[in-house]
Amino acid sequence: MRRREFLKGAAAAAGIGMAKPAIAQGSTEISFYYPVAVGGPITKLIDTLAADFEKENPSIKVKPIYAGTYQETIVKALTAHKSGNPPTTSVLLSTDMFTLIDEDAVVPIDDFIKTDADKKWLDSFFPAFMLNSQTGGKTWGAPFQRSTVVLYWNKDLFKEAGLDPEKAPANWAEQVTFAQKLTKSDSSGATQWGIQVPSSGFPYWLFQGFTTQAGGILMNADGNRTFYDKPEIVEGLSYWVELSRKHKVHPTGIVEWGTTPKDFFEKKTAMMWTTTGNLTNVRNNAKFPFGVAMLPAGKRRGSPTGGGNFYISKKAPRAQQEAAFQFIRWVTTPERAAQWCVDTGYVAVRPDAFETAALKKYVADFPPAAVARDQLPFAVAELSTHENQRVTKALNDGLQAALTGTKSPEQAMRDSQAEAERILSRYR
Amino acid sequence: MHRFSSTIHGWLLLLPAMALLVLFTHWPALATLIDSFYSTPRQRRAPVFVGLENYRVIVDDPVFWQALSNNLWFALGTIPVSIGLALLMALWVNDRIAGRTIVRMAYFTPTVLPMIAVANIWLFFYTPQYGLLAQVLSAFGGSSQNWLGSKDTALICVTIVAIWKEAGFFMIFYLAALQQIPPNLGEAAALEGASRLYFFRRVQFPLLMPTTLFVLVNAVINAFRMVDHIIVMTRGGPDNATSLLLFRVYELGFSFWDTALAAAMTVVLLVGLALLALGQYVFLEKRIHYR
């Protein structure tokens with residue numbers, strides 16, 4: 001009991017961002033699964049964060065465990081959960097929320113909210129990021145490394161094509177006419193595409209850009225119903241398919257997610273849709289001036305959010321859960337959220353982070369960094385339902401069938417909806 | 001007394017290997033079989049006995065049939081071609097040719113590389129526009145193809161990667177077997193004036209049959225076991241065009257967390273493979289000359 005009070009005290013101290021606790025009694029070790037697709041800088045950043053936290057909170061030891069990609073990390077976390085010995089906390093996709101709830105693997109963050117300062121902290125995130133973190137009146141995850149889809153364009157190629165290099169397409173019609181001017185071909189086919197929207201692996205995420213812009217939504221907030229066959233959704237898919245099949249400004253078939261930035265660097269495409277998480281990558285590797293813009297508007301602007309949240313494991317001992325909560329609060333203070341944004345290119349998860357000196361300076365030097373923030377008011381929750389991966393795959397299969405030309409958009413979405421309906425009917 | 005103690009002795013010697021085998025092979029296989037008759041446990045809902053329900057779901061699942069047909073085509077593509085290629089390469093590097101060691105090494109290299117690395121290399125080969133294949137084709141005036149991104153070509157592409165990876169490995173077995181063939185057979189054949197083809201057909205190939213059986217069994221197992229490159233290159237896409245059975249098992253088990261269905265699917269795969277292996281031994285055994 002005394003420890004918990006002590007921790008509460010530490011919470012207040014950490015919240016204000018000053019004062020070390022006078023006494024360090026015993027030590028609580030928390031394990032922390034962290035997904036990292038490529039080693040190197042990000043692991044170093046996390047190690048530094050953990051070390052700094054330990055310095056300020058000597059009674060808590062943080063043990064980061066790099067667990068591979070997001071997919072590998074959730075496999076490991078859930079396997080550990082089933083064996084009864086899960087990590088105290090993990091960063092997993094925000095969309096895995098329903099899966100984690102269904103597996104009874106996580107506790108709501110609300111359980112740890114006790115003071116007004118805690119409440120203020122919970123309310124401090126961008127509302128767009130909370131859409132995938134809350135359901136049934138509870139908060140299950142704390143936003144950490146979040147992203148959204150933006151449009152990158154090559155200013156040199158815009159100039160070459162006689163377009164204003166400082167102006168990105170603002171709507172669907174412009175996106176097509178710009179792309180038509182930017183597409184070049186010779187006898188062997190296109191040598192330079194106007195635009196590329198990746199469709200391998202998780203096409204649903206980029207597709208959500210099109211559907212939101214067409215005015216549609218993909219699922220309800222309870223995560224037990226999808227609307228794949230609604231006219232707006234089909235309209236979004238038709239637009240995407242027509243980019244390649246009708247206007248011939250986009251490669252046919254499936255566009256690989258991983259090589260799309262490379263295609264952009266090699267000037268094989270003049271515009272691309274990809275995550276803000278690629279910002280630092282593009283900044284370091286593009287040998288030409290480039291711009292970053294919000295996705296063009298259809299009936300409205302729109303993009304899904306994406307990325308990872310902090311979750312706290314249900315089966316971890318209470319003392320460790322409390323310690324993990326302290327760590328999460330500490331990592332998401334405005335200053336650290338700002339630094340994380342500067343170091344990685346992820347969107348800082350709370351508005352006041354953009355008021356910090358570090359981020360103000362960064363945005364002044366590199367205005368594209370603010371585009372993702374400006375787009376957040378138009379952002380919607382990423383597709384997430386019960387049995388998420390299965391329901392999502394139903395959509396992915398339909399999208400790929402339409403993009404490869406084996407089904408019409410209407411047929412593809414009807415089939416996807418039927419499959420999703422079959423899976424979700426038992427959750428109502 | 002003596003006999004009793006030697007029996008104990010024998011069992012004791014067997015014990016470590018036996019324990020490992022039971023713990024990591026027999027028990028999981030049995031547990032999988034049992035699990036396949038129960039429902040997937042979900043949130044405080046304990047698994048219940050459902051009989052053959054999981055198997056019925058599999059039979060009704062179009063993706064299962066597609067994965068099965070993909071897998072059969074994949075097997076039909078990889079097995080004969082990689083064995084034929086392995087035999088051809090082995091015959092060639094068995095002769096006294098210049099730079100024999102280097103050629104042998106070159107053939108064996110793909111086998112040494114990890115599959116994940118191989119898949120990443122081939123991902124570059126297949127990249128549209130500036131990938132190796134696209135560059136070679138465009139030099140000859142061909143048009144750029146989206147090899148992995150089209151339903152018509154994706155399966156062939158991943159099949160070729162498997163052949164490339166596998167042939168060198170089988171070559172080593174053929175090479176070893178070829179070197180076991182006594183040289184006097186070759187000399188006798190030469191004296192009799194047998195042509196090279198005749199010598200291969202009537203002497204070498206029959207003597208290689210035990211190796212061929214071994215390689216064939218391995219090739220069949222590999223055809224149902226190799227999925228690493230699928231995960232790297234296509235993740236089963238586009239629209240399940242490259243989904244293989246084992247990949248589907250992984251997807252059901254670790255993406256969808258439907259462990260009962262994954263268990264049932266594993267049993268289907270296991271039974272299929274066991275039947276195949278049995279068939280190979282029963283039917284081919286008779287036609288093999290062991291020395």
# chains A, B, ... in the order shown; residues from 1 in each chain; ligands from 1
$ interface_residues --of "chain B" --to "chain A" --cutoff "7 Å" --atoms "only C-alpha atoms" --output "list in words"
Arg42, Gln43, Ser138, Gly141, Gly142, Ser143, Ser144, Asn146, Gly149, Ser150, Lys151, Arg235, Pro238, Asp239, Phe254, Ser255 and Phe256 of chain B
$ residues_around --residues "B:Tyr55" --least-positions-apart "4" --cutoff "10 Å" --atoms "only C-alpha atoms" --output "number ranges by chain"
B: 36-37, 51, 59-61, 260-261, 263-265, 267-268
$ write_last_selection --atoms "C-alpha atoms" --output "mmCIF file, in the first residue's frame"
data_model
loop_
_atom_site.group_PDB
_atom_site.id
_atom_site.type_symbol
_atom_site.label_atom_id
_atom_site.label_comp_id
_atom_site.auth_asym_id
_atom_site.auth_seq_id
_atom_site.Cartn_x
_atom_site.Cartn_y
_atom_site.Cartn_z
ATOM 1 C CA SER B 36 -8.594 -29.386 -33.879
ATOM 2 C CA PHE B 37 -11.767 -30.910 -32.413
ATOM 3 C CA GLY B 51 -16.285 -32.498 -33.376
ATOM 4 C CA VAL B 59 -13.908 -27.316 -46.602
ATOM 5 C CA ASP B 60 -16.290 -24.345 -46.981
ATOM 6 C CA ASP B 61 -13.447 -21.831 -47.118
ATOM 7 C CA ALA B 260 -8.546 -24.203 -33.480
ATOM 8 C CA LEU B 261 -8.958 -23.646 -37.203
ATOM 9 C CA ALA B 263 -4.838 -26.725 -35.727
ATOM 10 C CA ALA B 264 -7.368 -28.424 -37.988
ATOM 11 C CA MET B 265 -5.612 -27.067 -41.054
ATOM 12 C CA VAL B 267 -3.773 -31.794 -39.330
ATOM 13 C CA VAL B 268 -5.007 -31.680 -42.923
#
$ select_by_dssp --residues "stretch 109-212 of chain A" --states "strand (DSSP E or B)" --output "number ranges by chain"
A: 134-135, 138-139, 142-154, 171, 184-186, 189-196
$ write_last_selection --atoms "N, CA, C and O atoms" --output "short mmCIF file (atom, residue, chain, number, x, y, z; two decimals), in the first residue's frame"
data_model
loop_
_atom_site.label_atom_id
_atom_site.label_comp_id
_atom_site.auth_asym_id
_atom_site.auth_seq_id
_atom_site.Cartn_x
_atom_site.Cartn_y
_atom_site.Cartn_z
N GLN A 134 -10.21 4.36 -27.87
CA GLN A 134 -11.33 4.27 -26.96
C GLN A 134 -12.48 3.47 -27.56
O GLN A 134 -12.76 3.59 -28.75
N THR A 135 -13.12 2.67 -26.75
CA THR A 135 -14.37 2.04 -27.16
C THR A 135 -15.14 1.66 -25.92
O THR A 135 -14.54 1.43 -24.86
N LYS A 138 -14.35 3.42 -22.57
CA LYS A 138 -13.08 3.26 -21.88
C LYS A 138 -11.92 3.54 -22.82
O LYS A 138 -12.03 3.39 -24.03
N THR A 139 -10.80 3.94 -22.22
CA THR A 139 -9.58 4.18 -22.98
C THR A 139 -8.66 2.99 -22.80
O THR A 139 -8.31 2.64 -21.66
N ALA A 142 -2.71 4.39 -24.97
CA ALA A 142 -2.24 5.77 -24.94
C ALA A 142 -1.43 6.02 -26.21
O ALA A 142 -0.47 5.30 -26.47
N PRO A 143 -1.82 7.02 -27.02
CA PRO A 143 -1.13 7.27 -28.29
C PRO A 143 0.36 7.54 -28.07
O PRO A 143 0.74 8.26 -27.15
N PHE A 144 1.19 6.95 -28.91
CA PHE A 144 2.63 7.16 -28.78
C PHE A 144 3.28 7.48 -30.12
O PHE A 144 3.66 8.61 -30.39
N GLN A 145 3.41 6.49 -30.99
CA GLN A 145 4.02 6.79 -32.29
C GLN A 145 2.94 6.69 -33.36
O GLN A 145 2.65 5.62 -33.85
N ARG A 146 2.35 7.83 -33.65
CA ARG A 146 1.19 7.82 -34.53
C ARG A 146 1.53 8.54 -35.84
O ARG A 146 2.39 9.41 -35.88
N SER A 147 0.82 8.15 -36.86
CA SER A 147 1.12 8.69 -38.18
C SER A 147 -0.17 8.91 -38.94
O SER A 147 -1.26 8.59 -38.46
N THR A 148 -0.07 9.44 -40.12
CA THR A 148 -1.21 9.58 -41.00
C THR A 148 -0.69 9.58 -42.44
O THR A 148 0.51 9.61 -42.65
N VAL A 149 -1.58 9.48 -43.41
CA VAL A 149 -1.15 9.42 -44.80
C VAL A 149 -1.07 10.84 -45.36
O VAL A 149 -1.97 11.64 -45.15
N VAL A 150 0.02 11.14 -46.07
CA VAL A 150 0.14 12.44 -46.73
C VAL A 150 0.63 12.23 -48.16
O VAL A 150 1.05 11.14 -48.53
N LEU A 151 0.56 13.32 -48.95
CA LEU A 151 1.01 13.24 -50.34
C LEU A 151 2.39 13.92 -50.44
O LEU A 151 2.58 15.03 -49.95
N TYR A 152 3.34 13.23 -51.06
CA TYR A 152 4.67 13.80 -51.32
C TYR A 152 4.75 14.10 -52.81
O TYR A 152 4.28 13.32 -53.62
N TRP A 153 5.35 15.25 -53.17
CA TRP A 153 5.52 15.50 -54.61
C TRP A 153 6.91 16.03 -54.91
O TRP A 153 7.54 16.66 -54.07
N ASN A 154 7.35 15.73 -56.13
CA ASN A 154 8.67 16.10 -56.61
C ASN A 154 8.57 17.44 -57.32
O ASN A 154 7.98 17.55 -58.39
N ASN A 171 -7.67 18.69 -54.98
CA ASN A 171 -8.86 17.84 -55.02
C ASN A 171 -8.66 16.69 -56.01
O ASN A 171 -7.65 16.63 -56.71
N LYS A 184 4.94 10.11 -68.15
CA LYS A 184 5.70 10.07 -69.41
C LYS A 184 5.83 8.63 -69.83
O LYS A 184 5.97 7.75 -68.99
N SER A 185 5.81 8.40 -71.15
CA SER A 185 6.00 7.02 -71.57
C SER A 185 6.77 6.96 -72.88
O SER A 185 6.85 7.94 -73.63
N ASP A 186 7.40 5.80 -73.13
CA ASP A 186 8.01 5.55 -74.43
C ASP A 186 7.46 4.22 -74.97
O ASP A 186 6.45 3.73 -74.46
N GLY A 189 6.43 1.43 -72.59
CA GLY A 189 5.45 1.71 -71.53
C GLY A 189 5.85 2.96 -70.77
O GLY A 189 6.69 3.73 -71.23
N ALA A 190 5.24 3.15 -69.60
CA ALA A 190 5.48 4.37 -68.84
C ALA A 190 6.89 4.37 -68.25
O ALA A 190 7.35 3.37 -67.73
N THR A 191 7.58 5.50 -68.37
CA THR A 191 8.89 5.63 -67.74
C THR A 191 8.79 6.45 -66.46
O THR A 191 9.66 6.43 -65.62
N GLN A 192 7.72 7.22 -66.37
CA GLN A 192 7.50 8.02 -65.16
C GLN A 192 6.00 8.11 -64.92
O GLN A 192 5.24 8.54 -65.78
N TRP A 193 5.57 7.64 -63.72
CA TRP A 193 4.15 7.68 -63.40
C TRP A 193 3.80 9.00 -62.76
O TRP A 193 4.65 9.64 -62.12
N GLY A 194 2.55 9.40 -62.91
CA GLY A 194 2.09 10.63 -62.28
C GLY A 194 1.95 10.46 -60.78
O GLY A 194 2.32 11.32 -60.00
N ILE A 195 1.43 9.31 -60.36
CA ILE A 195 1.16 9.11 -58.93
C ILE A 195 1.21 7.62 -58.58
O ILE A 195 0.94 6.77 -59.45
N GLN A 196 1.62 7.33 -57.36
CA GLN A 196 1.61 5.95 -56.88
C GLN A 196 0.96 5.89 -55.50
O GLN A 196 1.34 6.64 -54.60
#
$ closest_residue --among "A:Val292, A:Thr226, A:Ala179, A:Asn57" --to "A:Ala161" --atoms "only C-alpha atoms"
A:Ala179
$ select_by_dssp --residues "stretch 91-311 of chain A" --states "alpha helix (DSSP H)" --output "number ranges by chain"
A: 97-102, 116-122, 127-130, 155-160, 172-182, 203-213, 231-245, 260-265, 279-285
$ residues_around --residues "B:Gly84" --least-positions-apart "2" --cutoff "12 Å" --atoms "only C-alpha atoms" --output "PyMOL selection string"
chain B and resi 77-82+86-91+163+166-168+170-171+174+205+212+215-216+219
$ write_last_selection --atoms "C-alpha atoms" --output "mmCIF file, in the first residue's frame"
data_model
loop_
_atom_site.group_PDB
_atom_site.id
_atom_site.type_symbol
_atom_site.label_atom_id
_atom_site.label_comp_id
_atom_site.auth_asym_id
_atom_site.auth_seq_id
_atom_site.Cartn_x
_atom_site.Cartn_y
_atom_site.Cartn_z
ATOM 1 C CA GLY B 77 6.645 -26.320 -60.626
ATOM 2 C CA THR B 78 9.386 -26.762 -58.053
ATOM 3 C CA ILE B 79 9.793 -30.536 -57.687
ATOM 4 C CA PRO B 80 10.567 -31.786 -61.223
ATOM 5 C CA VAL B 81 12.425 -28.669 -62.312
ATOM 6 C CA SER B 82 14.675 -28.410 -59.270
ATOM 7 C CA ALA B 86 20.183 -30.514 -59.737
ATOM 8 C CA LEU B 87 20.973 -33.673 -61.709
ATOM 9 C CA LEU B 88 22.151 -31.680 -64.709
ATOM 10 C CA MET B 89 24.387 -29.466 -62.590
ATOM 11 C CA ALA B 90 25.792 -32.431 -60.690
ATOM 12 C CA LEU B 91 26.657 -34.296 -63.894
ATOM 13 C CA ILE B 163 13.711 -23.528 -57.573
ATOM 14 C CA GLU B 166 16.624 -25.493 -53.844
ATOM 15 C CA ALA B 167 18.416 -26.886 -56.893
ATOM 16 C CA GLY B 168 21.916 -26.316 -55.521
ATOM 17 C CA PHE B 170 19.897 -31.275 -54.232
ATOM 18 C CA MET B 171 22.917 -31.052 -56.488
ATOM 19 C CA TYR B 174 23.654 -36.113 -56.572
ATOM 20 C CA PHE B 205 20.629 -43.068 -63.484
ATOM 21 C CA THR B 212 16.525 -39.583 -56.309
ATOM 22 C CA VAL B 215 15.728 -35.935 -52.939
ATOM 23 C CA LEU B 216 12.162 -36.410 -54.119
ATOM 24 C CA ALA B 219 11.501 -31.765 -52.500
#
$ atom_distance --atom1 "atom CA of A:Pro377" --atom2 "atom CA of A:Phe129"
10.3 Å
$ residues_around --residues "A:Phe112" --least-positions-apart "2" --cutoff "9 Å" --atoms "only C-alpha atoms" --output "NGL selection string"
:A and (108-110 or 114 or 118 or 321-322 or 325)
$ residues_around --residues "B:Arg225" --least-positions-apart "6" --cutoff "9 Å" --atoms "only C-alpha atoms" --output "JSON list (two decimals) with C-alpha atoms, in the first residue's frame"
[["chain", "number", "residue", "atom", "x", "y", "z"],
["B", 245, "LEU", "CA", -1.15, -24.02, -47.24],
["B", 246, "LEU", "CA", 1.45, -23.40, -44.55],
["B", 247, "PHE", "CA", 1.17, -19.66, -45.05]]
